[in-house]
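For reference, the structure is listed below as structure tokens.
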Amino acid sequence: MDTLKRTLLPTLLLACASVAAAQQYDLLLQGGHVIDAKNNIDAVRDVAIRDGKIAVVAQHIDASQAFKVVNVSGLYVTPGLIDIHVHVYAGTGEPRSYAGDNSLYPDGYTFRVGVTTVADAGCAGWRNFEDFKQRVIDRAKTRVLAFINIVGNGMRGAKFENDLNDMQAKPTAEIALKYKDTIIGVKTAHYAGPEWTPVEQAVEAGTIAGIPVMVDFGSNRKERPMSELVTKKLRPGDIYTHCYSGLRDELVDGKVNPAMFEARKRGVIFDVGHGGGSFAWRVAVPAMKQGFPPDSISTDIHTGSMNAGMKDMDNVMDKFLAMGQSFKDVVAESTWHPAREIKREDLGNLSVGSVADVAVLRLEKGDFGFTDMYGARLKGSQKIIAELTLRDGKVVYDLNGLTRPDWTTLPKDYKQTGDSRWDAVTPVPVRRQP
Amino acid sequence: MPPLWIPVRFSIALLALTWSLNAQPRYDLMLKGGHVIDPKNGIDRVMDVAVTGGKIASVAAVIDPAQAKQTVNAAGLYVTPGLIDIHVHIYLWKEPGGEAVQADAHSFRSGVTTMVDAGSSGWRTFPDFRRRIIEHSKTRILAFLNIVGAGMGTGKEDEPAEMDAEAAAKMAKENRDIIVGFKSAHYGGPGWESVGGAVKAGEATGLPVMVDFGRVNATRNINALFMDKLRPGDIYTHCFSGHREELLESGKLNPAMEAGRKRGIVFDIGHGAGSFYWYVAVSAYAAGFYPDSISTDLHINSMNAGMKDMANVMSKLLNLGSPLAEVIRMSTWNPAKEIKRPALGSLDVGADADIAVLRLDRGDFGFVDSAGARKSGDRQIVCEMTLRAGKVVWDLNGRASQDWKSFPYQKQTWTH
């Protein structure tokens with residue numbers, strides 16, 4: 001038996017390889033409903049991938065042209081989801097800090113819900129960004145980008161985040177320019193005081209580095225009202241997150257604050273940033289009814305929010321479906337819109353030549369419930385399930401084994417399936433195998 | 001059975017009457033109308049479960065909702081003890097690296113309320129694990145202490161000099177609230193130093209040993225392990241990996257497995273990234289050999305591969321043919337017994353109210369093994385709610401929540 005294995009297996013592998021060479025695509029997703037907002041596609045299309053990039057999107061691509069063919073009919077094929085508000089600076093051991101215990105490691109929360117890119121929302125500032133990069137960003141399989149906090153120490157708690165002396169545009173801009181492939185924006189957050197300094201410094205840093213600012217506006221202070229922030233202080237392209245929290249007069253007497261409509265006309269961006277305390281039905285439902293949908297959907301996921309009303313990216317997207325948005329719009333708000341907001345137009349689309357970050361989603365029908373920051377529930381009839389996630393053209397998550405061979409078709413003591421042309425799940429680094 | 005229930009019903013009615021005279025509801029929370037599976041107590045039927053002060057207060061055919069501050073409708077769902085996963089890796093090191101994950105990020109959403117770390121730390125590193133991770137987790141964390149002082153993945157797992165049974169036993173005695181056993185893992189051999197050290201520590205403390213058997217050879221094989229080296233009650237994890245001749249060349253189950261079981265060796269799944277193969281599991285099931293306990297071997301390389309989470313691994317065994325009640329037994333009461341924690345894994349009145357509320361979905365599902373091979377199945381376990389010490393810590397569909405229109409919003413102000 002052993003001899004047989006030794007001779008037969010290499011021959012088989014060789015045979016496979018020679019067939020493989022004849023096929024120009026590594027992976028073909030066949031028969032899925034493609035939603036690609038950038039390219040205005042909302043139709044059944046085949047998607048072929050080669051060398052980690054989108055090779056073709058067409059009505060029909062011949063299966064014989066592909067090394068691996070996956071039938072995804074009945075499912076949606078979208079760009080990999082982009083969550084621009086997460087907290088992933090984990091591992092420092094600092095308690096009650098987003099540069100520590102409040103943060104999550106990204107990979108456990110991304111691929112399984114179709115997310116391929118996250119942007120950390122200001123956990124690190126210029127003083128600790130390099131530690132963050134080395135500790136988390138460079139080790140993650142997820143594409144991790146970051147808003148750099150205007151506070152040099154980052155999001156380490158009230159003592160640090162209210163220290164005006166540590167909010168300096170220049171060193172912040174410098175580190176943003178040094179790591180411009182990773183740092184896509186500046187964050188100001190959690191400020192309790194009456195001054196505009198944090199916002200002004202963040203905008204200055206953003207102007208120097210040519211990147212947008214994301215604002216979590218902290219305390220609601222009459223000295224610096226949200227209306228003035230979004231209509232005067234922020235630049236077009238800057239991002240107001242937590243837009244349905246209702247904590248800063250987003251809703252006044254049941255009406256969306258007119259400043260928000262005015263700001264939107266100016267080009268200020270409104271992002272969800274659900275989190276543990278920033279999404280209320282009694283704000284979001286009237287806002288949606290009054291014609292104020294979000295520009296982008298994001299989670300604000302951290303250890304405090306992950307098991308509460310906010311569960312993951314799909315769950316936040318589901319909430320907008322439950323409020324009546326179309327699936328197409330919800331996908332756009334989770335792919336192409338956030339990509340544009342962070343000026344990463346190379347992401348969030350399925351253009352030929354783009355990196356093949358792809359989510360294959362199932363839209364499940366049933367009776368579902370969704371809870372807000374207060375624990376109040378709104379019912380919905382649709383739920384997004386990530387069936388398959390590709391990062392750089394390779395499968396990184398496969399819920400139901402769509403890409404996998406049935407075990408009964410394999411040799412009796414098979415050890416590996418898959419191929420590195422399309423598979424990043426297996427072979428896995430098994431620690432020890434005799 | 002009915003005669004037994006009449007007095008119970010009667011006493012419930014009597015109690016209900018007493019309570020109705022009392023204005024204060026006596027229960028904090030009630031799960032109403034769920035199908036309770038509590039293997040320890042032999043319950044497998046629709047029952048109400050009431051919780052108060054973080055403990056199970058009552059499990060009865062009917063409990064009056066007037067007696068509970070909050071009632072959650074669990075009709076159509078299964079109510080089980082909180083799941084116990086006795087093979088995870090959650091010791092995140094101080095310095096970057098390693099394969100551990102954050103416990104709370106994976107536990108509650110899968111119905112798990114107790115996780116047992118399988119030897120990530122050894123006696124040298126356990127105090128750090130305890131202080132930085134265990135004491136800060138909402139999940140109940142217990143641990144097998146690695147017989148290797150430096151712990152797992154440190155490059156010391158093949159060094160017999162690192163296997164100090166006395167030091168390990170001492171650490172376990174000082175941390176009896178957390179340490180439930182010893183782990184021998186990844187040993188390349190050729191001898192028995194690792195297993196021997198772990199068993200010696202186990203004997204000194206009266207605790208079980210869990211073995212990941214590493215590399216096998218002519219003499220270091222599972223037959224010798226089960227018959228000569230381990231004690232009854234010791235745990236063989238990765239039991240369906242096939243890496244250590246669990247399945248013979250002929251495709252037959254190694255007789256050592258049945259012989260080991262007869263001797264009292266415990267067989268645990270420990271799915272992981274590389275330790276669960278359909279051809280092994282299906283053959284074992286065909287031979288009538290089922291696991292004693294289900295566990296994930298959760299770590300960064302298994303979480304996004306075929307393993308996924310506890311509910312997924314349980315679903316695999318369900319689709320292999322274990323009845324749901326058995327799958328629950330393998331994930332609650334059996335592991336509780338294996339780690340000698342009989343206060344866990346049941347819905348005993350007075351026990352900590354660690355509860356999982358599970359939904360059994362029907363449909364076309366696929367389950368993937370460590371080689372990436374798929375087996376289709378028609379049932380899938382989904383965790384709807386998790387309670388830890390009586391508090392809702394996971395609620396997938398907001399079943400414990402009120403409709404937003406009638407919800408009494410009190411506007412919050414932002415605080416840091």
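Residues are referred to by chain and number: the chain letter is A, B, ... according to the order shown in the structure tokens, the number counts from 1 in that chain, and ligands are numbered separately from 1 in the order shown.
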
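Summary of the local environment: counting only C-alpha atoms, residues at most 7 Å from Val215 of chain A, other than itself and those fewer than 4 positions away along its chain, are Lys187, Thr188, Ala189, Ile239, Tyr240 and Thr241 of chain A.
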
>> Please list as a list in words every residue within 7 Å of Val49 of chain B, counting only C-alpha atoms and excluding residues in the same chain fewer than 3 positions away.
In response: Met30, Leu31, Lys32, Ser58, Val59 and Ala60 of chain B

Can I get the residues of chain A within 6 Å of chain B, each with the closest pair of atoms and their distance in Å to one decimal, using only C-alpha atoms, sorted chain first then ascending number, as a Markdown table?
```
| residue | atom | partner | partner_atom | distance |
| --- | --- | --- | --- | --- |
| A:Arg135 | CA | B:Pro96 | CA | 5.6 |
| A:Ser219 | CA | B:Trp414 | CA | 5.5 |
| A:Leu247 | CA | B:Thr413 | CA | 5.9 |
| A:Asn307 | CA | B:Trp394 | CA | 5.7 |
| A:Phe368 | CA | B:Asn397 | CA | 5.6 |
| A:Gly369 | CA | B:Asn397 | CA | 4.1 |
| A:Phe370 | CA | B:Asn397 | CA | 5.7 |
| A:Thr371 | CA | B:Gly398 | CA | 5.7 |
| A:Gly375 | CA | B:Ser401 | CA | 5.9 |
| A:Ala376 | CA | B:Trp404 | CA | 4.7 |
| A:Arg377 | CA | B:Asp403 | CA | 4.7 |
| A:Leu378 | CA | B:Trp404 | CA | 5.9 |
| A:Tyr397 | CA | B:Asn304 | CA | 5.7 |
| A:Asn400 | CA | B:Gly366 | CA | 4.1 |
| A:Gly401 | CA | B:Gly366 | CA | 5.3 |
| A:Arg404 | CA | B:Arg374 | CA | 5.6 |
| A:Pro405 | CA | B:Ala373 | CA | 5.4 |
| A:Asp406 | CA | B:Arg374 | CA | 4.6 |
| A:Trp407 | CA | B:Ala373 | CA | 4.9 |
| A:Lys415 | CA | B:Ala371 | CA | 5.4 |
| A:Gln416 | CA | B:Ala371 | CA | 4.4 |
| A:Thr417 | CA | B:Ala371 | CA | 5.6 |
| A:Val425 | CA | B:Ala305 | CA | 5.5 |
| A:Val430 | CA | B:Gly274 | CA | 5.6 |
| A:Pro434 | CA | B:Arg215 | CA | 5.2 |
```

> Which polymer residues have any atom within 8 Å of an atom of Cys243 of chain A, counting only C-alpha atoms, with same-chain residues fewer than 2 positions away left out, as a ChimeraX atom specification?
Replying inline: /A:240-241,245-246,250,270-273,278-279,294

Could those selected residues go to a file with C-alpha atoms, as a short mmCIF file (atom, residue, chain, number, x, y, z; two decimals), in the first residue's frame?
```cif
data_model
loop_
_atom_site.label_atom_id
_atom_site.label_comp_id
_atom_site.auth_asym_id
_atom_site.auth_seq_id
_atom_site.Cartn_x
_atom_site.Cartn_y
_atom_site.Cartn_z
CA TYR A 240 -19.21 61.77 11.14
CA THR A 241 -19.54 58.32 12.76
CA SER A 245 -26.77 57.39 18.24
CA GLY A 246 -29.05 60.30 19.07
CA GLU A 250 -28.93 64.02 15.52
CA PHE A 270 -22.30 59.91 7.70
CA ASP A 271 -21.21 56.54 9.00
CA VAL A 272 -23.10 54.10 11.26
CA GLY A 273 -20.47 53.02 13.84
CA SER A 278 -24.30 54.34 19.29
CA PHE A 279 -27.32 52.98 17.47
CA PRO A 294 -26.03 56.18 5.96
#
```

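Take atom CA of Val382 of chain B and atom CA of Asp361 of chain B: the distance between them is 7.1 Å.
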